[in-house]
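J.: Data file input-v9.cif (mmCIF, N, CA and C atoms) is appended below.
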data_coords
#
loop_
_atom_site.label_atom_id
_atom_site.label_comp_id
_atom_site.auth_asym_id
_atom_site.auth_seq_id
_atom_site.Cartn_x
_atom_site.Cartn_y
_atom_site.Cartn_z
N MET H 1 107.55 210.57 -16.58
CA MET H 1 108.07 211.91 -16.65
C MET H 1 109.58 211.81 -16.87
N ASP H 2 110.05 212.49 -17.85
CA ASP H 2 111.48 212.49 -18.16
C ASP H 2 112.14 213.59 -17.33
N ALA H 3 112.69 213.22 -16.18
CA ALA H 3 113.27 214.18 -15.25
C ALA H 3 114.76 213.96 -15.12
N SER H 4 115.45 215.00 -14.75
CA SER H 4 116.88 214.93 -14.52
C SER H 4 117.19 215.72 -13.26
N VAL H 5 118.13 215.22 -12.47
CA VAL H 5 118.45 215.83 -11.18
C VAL H 5 119.95 216.06 -11.09
N LYS H 6 120.33 217.18 -10.54
CA LYS H 6 121.74 217.48 -10.26
C LYS H 6 121.86 217.76 -8.78
N ARG H 7 122.91 217.24 -8.17
CA ARG H 7 123.16 217.52 -6.76
C ARG H 7 124.65 217.76 -6.60
N GLY H 8 124.99 218.79 -5.85
CA GLY H 8 126.39 219.10 -5.60
C GLY H 8 126.54 220.56 -5.23
N GLN H 9 127.78 220.99 -5.17
CA GLN H 9 128.07 222.37 -4.78
C GLN H 9 127.96 223.28 -5.99
N LEU H 10 127.15 224.35 -5.85
CA LEU H 10 126.94 225.33 -6.91
C LEU H 10 128.05 226.37 -6.86
N LEU H 11 128.77 226.52 -7.96
CA LEU H 11 129.85 227.49 -8.06
C LEU H 11 129.77 228.24 -9.39
N LYS H 12 130.27 229.47 -9.39
CA LYS H 12 130.39 230.23 -10.63
C LYS H 12 131.86 230.24 -11.01
N VAL H 13 132.18 229.60 -12.13
CA VAL H 13 133.55 229.46 -12.59
C VAL H 13 133.67 230.14 -13.94
N ASP H 14 134.54 231.14 -14.03
CA ASP H 14 134.73 231.90 -15.28
C ASP H 14 133.42 232.42 -15.85
N GLY H 15 132.53 232.89 -14.97
CA GLY H 15 131.26 233.46 -15.40
C GLY H 15 130.19 232.44 -15.74
N ARG H 16 130.44 231.16 -15.53
CA ARG H 16 129.47 230.11 -15.84
C ARG H 16 129.14 229.33 -14.57
N TRP H 17 127.86 229.01 -14.40
CA TRP H 17 127.43 228.25 -13.23
C TRP H 17 127.73 226.77 -13.44
N THR H 18 128.28 226.16 -12.38
CA THR H 18 128.56 224.72 -12.41
C THR H 18 128.05 224.07 -11.13
N ILE H 19 127.73 222.81 -11.23
CA ILE H 19 127.41 222.00 -10.05
C ILE H 19 128.40 220.86 -10.04
N THR H 20 129.29 220.87 -9.04
CA THR H 20 130.34 219.87 -8.90
C THR H 20 131.08 219.66 -10.22
N GLY H 21 131.42 220.75 -10.88
CA GLY H 21 132.21 220.70 -12.11
C GLY H 21 131.41 220.55 -13.39
N ASP H 22 130.12 220.23 -13.31
CA ASP H 22 129.29 220.08 -14.52
C ASP H 22 128.68 221.43 -14.89
N ASP H 23 128.82 221.81 -16.15
CA ASP H 23 128.30 223.08 -16.66
C ASP H 23 126.78 223.04 -16.70
N LEU H 24 126.14 224.00 -16.02
CA LEU H 24 124.68 224.02 -15.99
C LEU H 24 124.07 224.36 -17.34
N ASP H 25 124.73 225.21 -18.14
CA ASP H 25 124.19 225.53 -19.46
C ASP H 25 124.06 224.28 -20.32
N ALA H 26 125.09 223.45 -20.31
CA ALA H 26 125.05 222.22 -21.09
C ALA H 26 123.96 221.28 -20.58
N TRP H 27 123.80 221.22 -19.27
CA TRP H 27 122.79 220.35 -18.69
C TRP H 27 121.38 220.83 -19.02
N LEU H 28 121.18 222.16 -18.97
CA LEU H 28 119.85 222.72 -19.24
C LEU H 28 119.50 222.69 -20.72
N ASP H 29 120.48 222.55 -21.61
CA ASP H 29 120.21 222.49 -23.06
C ASP H 29 119.25 221.35 -23.40
N GLN H 30 119.26 220.26 -22.65
CA GLN H 30 118.38 219.14 -22.95
C GLN H 30 116.91 219.49 -22.78
N PHE H 31 116.62 220.58 -22.07
CA PHE H 31 115.24 221.01 -21.84
C PHE H 31 114.86 222.24 -22.67
N SER H 32 115.69 222.62 -23.59
CA SER H 32 115.45 223.82 -24.40
C SER H 32 114.09 223.74 -25.10
N GLY H 33 113.30 224.80 -24.98
CA GLY H 33 112.00 224.88 -25.62
C GLY H 33 110.88 224.19 -24.88
N GLN H 34 111.17 223.58 -23.73
CA GLN H 34 110.16 222.88 -22.95
C GLN H 34 109.79 223.70 -21.71
N GLU H 35 108.58 223.49 -21.22
CA GLU H 35 108.20 224.09 -19.94
C GLU H 35 108.76 223.21 -18.84
N ILE H 36 109.51 223.81 -17.91
CA ILE H 36 110.15 223.04 -16.85
C ILE H 36 109.87 223.68 -15.49
N VAL H 37 110.16 222.93 -14.46
CA VAL H 37 110.15 223.43 -13.08
C VAL H 37 111.57 223.28 -12.59
N LEU H 38 112.16 224.36 -12.13
CA LEU H 38 113.52 224.35 -11.62
C LEU H 38 113.47 224.70 -10.14
N ILE H 39 113.96 223.78 -9.30
CA ILE H 39 113.92 223.98 -7.85
C ILE H 39 115.34 223.93 -7.33
N ALA H 40 115.72 224.92 -6.54
CA ALA H 40 117.03 224.93 -5.89
C ALA H 40 116.80 225.01 -4.38
N ALA H 41 117.42 224.09 -3.65
CA ALA H 41 117.27 224.07 -2.20
C ALA H 41 118.62 223.83 -1.57
N SER H 42 118.94 224.59 -0.56
CA SER H 42 120.21 224.42 0.15
C SER H 42 120.11 223.29 1.15
N LEU H 43 121.12 222.45 1.18
CA LEU H 43 121.17 221.36 2.15
C LEU H 43 121.91 221.78 3.41
N ASN H 44 122.30 223.05 3.50
CA ASN H 44 123.02 223.58 4.66
C ASN H 44 122.08 224.19 5.68
N ASP H 45 120.82 223.87 5.63
CA ASP H 45 119.82 224.43 6.54
C ASP H 45 119.89 223.70 7.88
N ASP H 46 120.24 224.42 8.93
CA ASP H 46 120.38 223.83 10.26
C ASP H 46 119.20 224.13 11.18
N ARG H 47 118.10 224.60 10.62
CA ARG H 47 116.92 224.89 11.44
C ARG H 47 116.39 223.59 12.05
N PRO H 48 115.92 223.65 13.29
CA PRO H 48 115.36 222.44 13.90
C PRO H 48 114.06 222.04 13.21
N VAL H 49 113.83 220.75 13.15
CA VAL H 49 112.62 220.22 12.55
C VAL H 49 111.61 219.94 13.66
N ASP H 50 110.41 220.46 13.51
CA ASP H 50 109.37 220.25 14.51
C ASP H 50 108.79 218.85 14.35
N PRO H 51 108.46 218.21 15.47
CA PRO H 51 107.84 216.88 15.37
C PRO H 51 106.42 216.99 14.82
N ARG H 52 105.97 215.93 14.19
CA ARG H 52 104.59 215.85 13.70
C ARG H 52 103.79 214.99 14.67
N THR H 53 102.49 215.16 14.65
CA THR H 53 101.61 214.34 15.47
C THR H 53 100.83 213.42 14.54
N CYS H 54 100.89 212.13 14.82
CA CYS H 54 100.21 211.13 13.99
C CYS H 54 98.70 211.29 14.15
N GLY H 55 98.01 211.34 13.04
CA GLY H 55 96.56 211.46 13.06
C GLY H 55 95.86 210.18 13.45
N THR H 56 96.59 209.05 13.44
CA THR H 56 96.00 207.76 13.79
C THR H 56 96.19 207.42 15.26
N CYS H 57 97.45 207.46 15.73
CA CYS H 57 97.73 207.03 17.10
C CYS H 57 98.01 208.18 18.06
N GLY H 58 98.25 209.38 17.54
CA GLY H 58 98.47 210.54 18.39
C GLY H 58 99.89 210.72 18.87
N ARG H 59 100.81 209.81 18.50
CA ARG H 59 102.21 209.94 18.92
C ARG H 59 102.91 211.01 18.09
N GLU H 60 103.93 211.63 18.69
CA GLU H 60 104.78 212.55 17.95
C GLU H 60 105.89 211.76 17.27
N TYR H 61 106.28 212.20 16.06
CA TYR H 61 107.32 211.52 15.32
C TYR H 61 108.04 212.52 14.41
N TYR H 62 109.18 212.12 13.91
CA TYR H 62 109.95 212.90 12.94
C TYR H 62 110.01 212.09 11.65
N GLY H 63 109.98 212.74 10.54
CA GLY H 63 110.08 212.04 9.26
C GLY H 63 108.78 212.11 8.49
N LEU H 64 108.65 211.19 7.52
CA LEU H 64 107.52 211.23 6.61
C LEU H 64 106.28 210.52 7.15
N GLU H 65 106.49 209.49 7.97
CA GLU H 65 105.34 208.76 8.50
C GLU H 65 105.63 208.28 9.91
N CYS H 66 104.57 208.02 10.64
CA CYS H 66 104.69 207.56 12.02
C CYS H 66 105.32 206.16 12.03
N PRO H 67 106.47 206.00 12.68
CA PRO H 67 107.12 204.68 12.68
C PRO H 67 106.31 203.62 13.43
N HIS H 68 105.57 204.01 14.47
CA HIS H 68 104.74 203.05 15.21
C HIS H 68 103.64 202.50 14.29
N CYS H 69 102.92 203.37 13.62
CA CYS H 69 101.84 202.94 12.73
C CYS H 69 102.38 202.20 11.51
N ARG H 70 103.54 202.62 11.04
CA ARG H 70 104.16 201.93 9.91
C ARG H 70 104.49 200.49 10.30
N ASP H 71 105.12 200.30 11.47
CA ASP H 71 105.45 198.96 11.93
C ASP H 71 104.20 198.11 12.12
N ALA H 72 103.16 198.69 12.67
CA ALA H 72 101.89 197.96 12.87
C ALA H 72 101.29 197.57 11.53
N ARG H 73 101.32 198.48 10.55
CA ARG H 73 100.79 198.19 9.23
C ARG H 73 101.53 197.02 8.58
N ILE H 74 102.86 197.05 8.67
CA ILE H 74 103.67 195.97 8.10
C ILE H 74 103.38 194.66 8.81
N ARG H 75 103.31 194.69 10.14
CA ARG H 75 103.05 193.48 10.92
C ARG H 75 101.70 192.90 10.59
N LEU H 76 100.67 193.73 10.50
CA LEU H 76 99.32 193.24 10.24
C LEU H 76 99.14 192.74 8.81
N ARG H 77 99.92 193.24 7.90
CA ARG H 77 99.82 192.78 6.51
C ARG H 77 100.70 191.56 6.25
N GLY H 78 101.41 191.11 7.28
CA GLY H 78 102.19 189.88 7.16
C GLY H 78 103.48 190.00 6.38
N ARG H 79 104.09 191.17 6.41
CA ARG H 79 105.35 191.36 5.68
C ARG H 79 106.51 191.42 6.63
#
Represent the structure of the file as structure tokens.
T.:
Amino acid sequence: MDASVKRGQLLKVDGRWTITGDDLDAWLDQFSGQEIVLIAASLNDDRPVDPRTCGTCGREYYGLECPHCRDARIRLRGR
């Protein structure tokens, strides 16, 4: 998949949107005529993150995977 990502502060300068000084119109021109997905998410979200419960060991954890089960998986696979 030919994807492109921009990260930075979104500002409107002289009527044009920029991300950390890069013109969004120029950046989006590379996708002209194509079907795209455009996602904007603020990184200033201070909401608390709820812990997850591991479906394997039942422990609560934060993040993408249970660190206890991840460590056990790595240990058992000899890595």
J.: Could you go through chain H and tell me which residues DSSP, when run on the backbone, assigns to alpha helix (DSSP H), listing them as number ranges by chain?
T.: H: 24-28, 67-76
J.: So that I can check the secondary structure, give me every residue of range 18-71 of chain H assigned strand (DSSP E) by backbone DSSP, as a ChimeraX atom specification.
T.: /H:18-19,22-23,52-53,60-61
J.: I'd like to know which of H:Asp71, H:Asp25, H:Thr56, H:Phe31 is closest to Ser4 in chain H, using only C-alpha atoms.
T.: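 The closest residue to Ser4 in chain H is H:Phe31.
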J.: So the first atom is atom N of Asp14 in chain H and the second is atom N of Trp27 in chain H; what is the distance between them in Å, to one decimal place?
T.: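 Atom-to-atom, atom N of Asp14 in chain H to atom N of Trp27 in chain H, that is 15.5 Å.
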J.: Figure out the distance between CA of Arg47 in chain H and CA of Cys69 in chain H, please, to one decimal in Å.
T.: 26.7 Å
J.: Taking the file above as input, evaluate the PyMOL selection byres (((chain H and resi 5 and name CA) around 10) and name CA) and report the hits as a list in words.
T.: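 Against this file, the PyMOL selection byres (((chain H and resi 5 and name CA) around 10) and name CA) returns the residues Ala3, Ser4, Lys6, Arg7, Trp27, Leu38 and Ile39 of chain H.
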J.: Can those selected residues be exported to a file as a PDB file, in the coordinates of the input so that it contains N, CA and C atoms?
T.:
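Here's the written file part.pdb:
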ATOM      1  N   ALA H   3     112.690 213.220 -16.180  1.00  0.00           N
ATOM      2  CA  ALA H   3     113.270 214.180 -15.250  1.00  0.00           C
ATOM      3  C   ALA H   3     114.760 213.960 -15.120  1.00  0.00           C
ATOM      4  N   SER H   4     115.450 215.000 -14.750  1.00  0.00           N
ATOM      5  CA  SER H   4     116.880 214.930 -14.520  1.00  0.00           C
ATOM      6  C   SER H   4     117.190 215.720 -13.260  1.00  0.00           C
ATOM      7  N   LYS H   6     120.330 217.180 -10.540  1.00  0.00           N
ATOM      8  CA  LYS H   6     121.740 217.480 -10.260  1.00  0.00           C
ATOM      9  C   LYS H   6     121.860 217.760  -8.780  1.00  0.00           C
ATOM     10  N   ARG H   7     122.910 217.240  -8.170  1.00  0.00           N
ATOM     11  CA  ARG H   7     123.160 217.520  -6.760  1.00  0.00           C
ATOM     12  C   ARG H   7     124.650 217.760  -6.600  1.00  0.00           C
ATOM     13  N   TRP H  27     123.800 221.220 -19.270  1.00  0.00           N
ATOM     14  CA  TRP H  27     122.790 220.350 -18.690  1.00  0.00           C
ATOM     15  C   TRP H  27     121.380 220.830 -19.020  1.00  0.00           C
ATOM     16  N   LEU H  38     112.160 224.360 -12.130  1.00  0.00           N
ATOM     17  CA  LEU H  38     113.520 224.350 -11.620  1.00  0.00           C
ATOM     18  C   LEU H  38     113.470 224.700 -10.140  1.00  0.00           C
ATOM     19  N   ILE H  39     113.960 223.780  -9.300  1.00  0.00           N
ATOM     20  CA  ILE H  39     113.920 223.980  -7.850  1.00  0.00           C
ATOM     21  C   ILE H  39     115.340 223.930  -7.330  1.00  0.00           C
TER      22      ILE H  39
END
J.: Could you work out how far atom N of Ile19 in chain H lies from atom N of Val49 in chain H, giving the answer in Å with one decimal?
T.: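 Computing it gives 28.1 Å between the two atoms.
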J.: Near Arg52 in chain H, counting all atoms listed in the file, which residues have an atom at most 7 Å away, once you skip same-chain residues fewer than 2 positions from it, shown as a list in words?
T.: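 These residues fall inside the cut-off: Val49, Asp50, Cys54, Arg59, Glu60, Tyr61, Tyr62 and Gly63 of chain H.
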J.: Limit the output to all heavy atoms and give range 38-51 of chain H as a compact mmCIF listing (two decimals), in the first residue's frame.
T.:
# COMPACT_ATOMS: atom_id res chain seq x y z
N LEU H 38 -8.70 9.57 4.98
CA LEU H 38 -8.00 10.64 5.67
C LEU H 38 -8.44 10.62 7.13
O LEU H 38 -9.63 10.74 7.44
CB LEU H 38 -8.34 11.99 5.03
CG LEU H 38 -7.63 13.22 5.55
CD1 LEU H 38 -6.13 13.09 5.36
CD2 LEU H 38 -8.14 14.45 4.85
N ILE H 39 -7.48 10.44 8.04
CA ILE H 39 -7.78 10.34 9.47
C ILE H 39 -7.03 11.45 10.18
O ILE H 39 -5.83 11.61 9.99
CB ILE H 39 -7.36 8.97 10.04
CG1 ILE H 39 -8.12 7.86 9.34
CG2 ILE H 39 -7.56 8.93 11.54
CD1 ILE H 39 -7.62 6.48 9.68
N ALA H 40 -7.73 12.20 11.01
CA ALA H 40 -7.10 13.23 11.84
C ALA H 40 -7.41 12.90 13.30
O ALA H 40 -8.56 12.67 13.66
CB ALA H 40 -7.62 14.61 11.48
N ALA H 41 -6.37 12.85 14.11
CA ALA H 41 -6.54 12.54 15.53
C ALA H 41 -5.67 13.46 16.35
O ALA H 41 -4.50 13.67 16.02
CB ALA H 41 -6.17 11.08 15.81
N SER H 42 -6.23 14.02 17.39
CA SER H 42 -5.47 14.91 18.27
C SER H 42 -4.65 14.10 19.25
O SER H 42 -5.13 13.14 19.85
CB SER H 42 -6.42 15.83 19.03
OG SER H 42 -5.70 16.61 19.96
N LEU H 43 -3.40 14.49 19.43
CA LEU H 43 -2.54 13.84 20.41
C LEU H 43 -2.61 14.54 21.76
O LEU H 43 -1.89 14.16 22.68
CB LEU H 43 -1.10 13.81 19.90
CG LEU H 43 -0.90 13.03 18.60
CD1 LEU H 43 0.55 13.09 18.16
CD2 LEU H 43 -1.33 11.59 18.76
N ASN H 44 -3.47 15.54 21.89
CA ASN H 44 -3.63 16.28 23.14
C ASN H 44 -4.73 15.71 24.02
O ASN H 44 -5.22 16.38 24.91
CB ASN H 44 -3.94 17.75 22.84
CG ASN H 44 -2.79 18.45 22.17
OD1 ASN H 44 -1.65 18.06 22.35
ND2 ASN H 44 -3.09 19.47 21.40
N ASP H 45 -5.13 14.49 23.79
CA ASP H 45 -6.20 13.85 24.54
C ASP H 45 -5.66 13.36 25.88
O ASP H 45 -4.78 12.50 25.94
CB ASP H 45 -6.76 12.68 23.74
CG ASP H 45 -8.02 12.11 24.33
OD1 ASP H 45 -8.39 12.50 25.46
OD2 ASP H 45 -8.64 11.28 23.68
N ASP H 46 -6.17 13.92 26.97
CA ASP H 46 -5.69 13.57 28.31
C ASP H 46 -6.66 12.63 29.05
O ASP H 46 -6.55 12.46 30.26
CB ASP H 46 -5.49 14.83 29.15
CG ASP H 46 -4.33 15.66 28.65
OD1 ASP H 46 -3.42 15.09 28.03
OD2 ASP H 46 -4.34 16.88 28.88
N ARG H 47 -7.59 12.02 28.33
CA ARG H 47 -8.52 11.11 28.98
C ARG H 47 -7.77 9.89 29.52
O ARG H 47 -6.83 9.40 28.88
CB ARG H 47 -9.58 10.62 27.99
CG ARG H 47 -10.58 11.69 27.63
CD ARG H 47 -11.59 11.15 26.67
NE ARG H 47 -10.93 10.95 25.38
CZ ARG H 47 -11.53 10.48 24.30
NH1 ARG H 47 -12.79 10.13 24.33
NH2 ARG H 47 -10.88 10.34 23.17
N PRO H 48 -8.16 9.38 30.67
CA PRO H 48 -7.49 8.20 31.21
C PRO H 48 -7.78 6.98 30.35
O PRO H 48 -8.87 6.84 29.78
CB PRO H 48 -8.09 8.04 32.61
CG PRO H 48 -9.39 8.77 32.55
CD PRO H 48 -9.22 9.87 31.54
N VAL H 49 -6.81 6.10 30.26
CA VAL H 49 -6.96 4.87 29.50
C VAL H 49 -7.35 3.75 30.45
O VAL H 49 -6.70 3.55 31.48
CB VAL H 49 -5.63 4.52 28.78
CG1 VAL H 49 -5.75 3.21 28.03
CG2 VAL H 49 -5.22 5.65 27.86
N ASP H 50 -8.42 3.05 30.14
CA ASP H 50 -8.87 1.95 30.98
C ASP H 50 -7.99 0.73 30.75
O ASP H 50 -7.58 0.45 29.62
CB ASP H 50 -10.32 1.59 30.66
CG ASP H 50 -11.28 2.70 31.05
OD1 ASP H 50 -10.97 3.42 32.02
OD2 ASP H 50 -12.33 2.83 30.40
N PRO H 51 -7.71 -0.02 31.81
CA PRO H 51 -6.91 -1.24 31.63
C PRO H 51 -7.71 -2.30 30.89
O PRO H 51 -8.95 -2.32 30.95
CB PRO H 51 -6.60 -1.68 33.06
CG PRO H 51 -7.69 -1.10 33.88
CD PRO H 51 -8.07 0.19 33.21
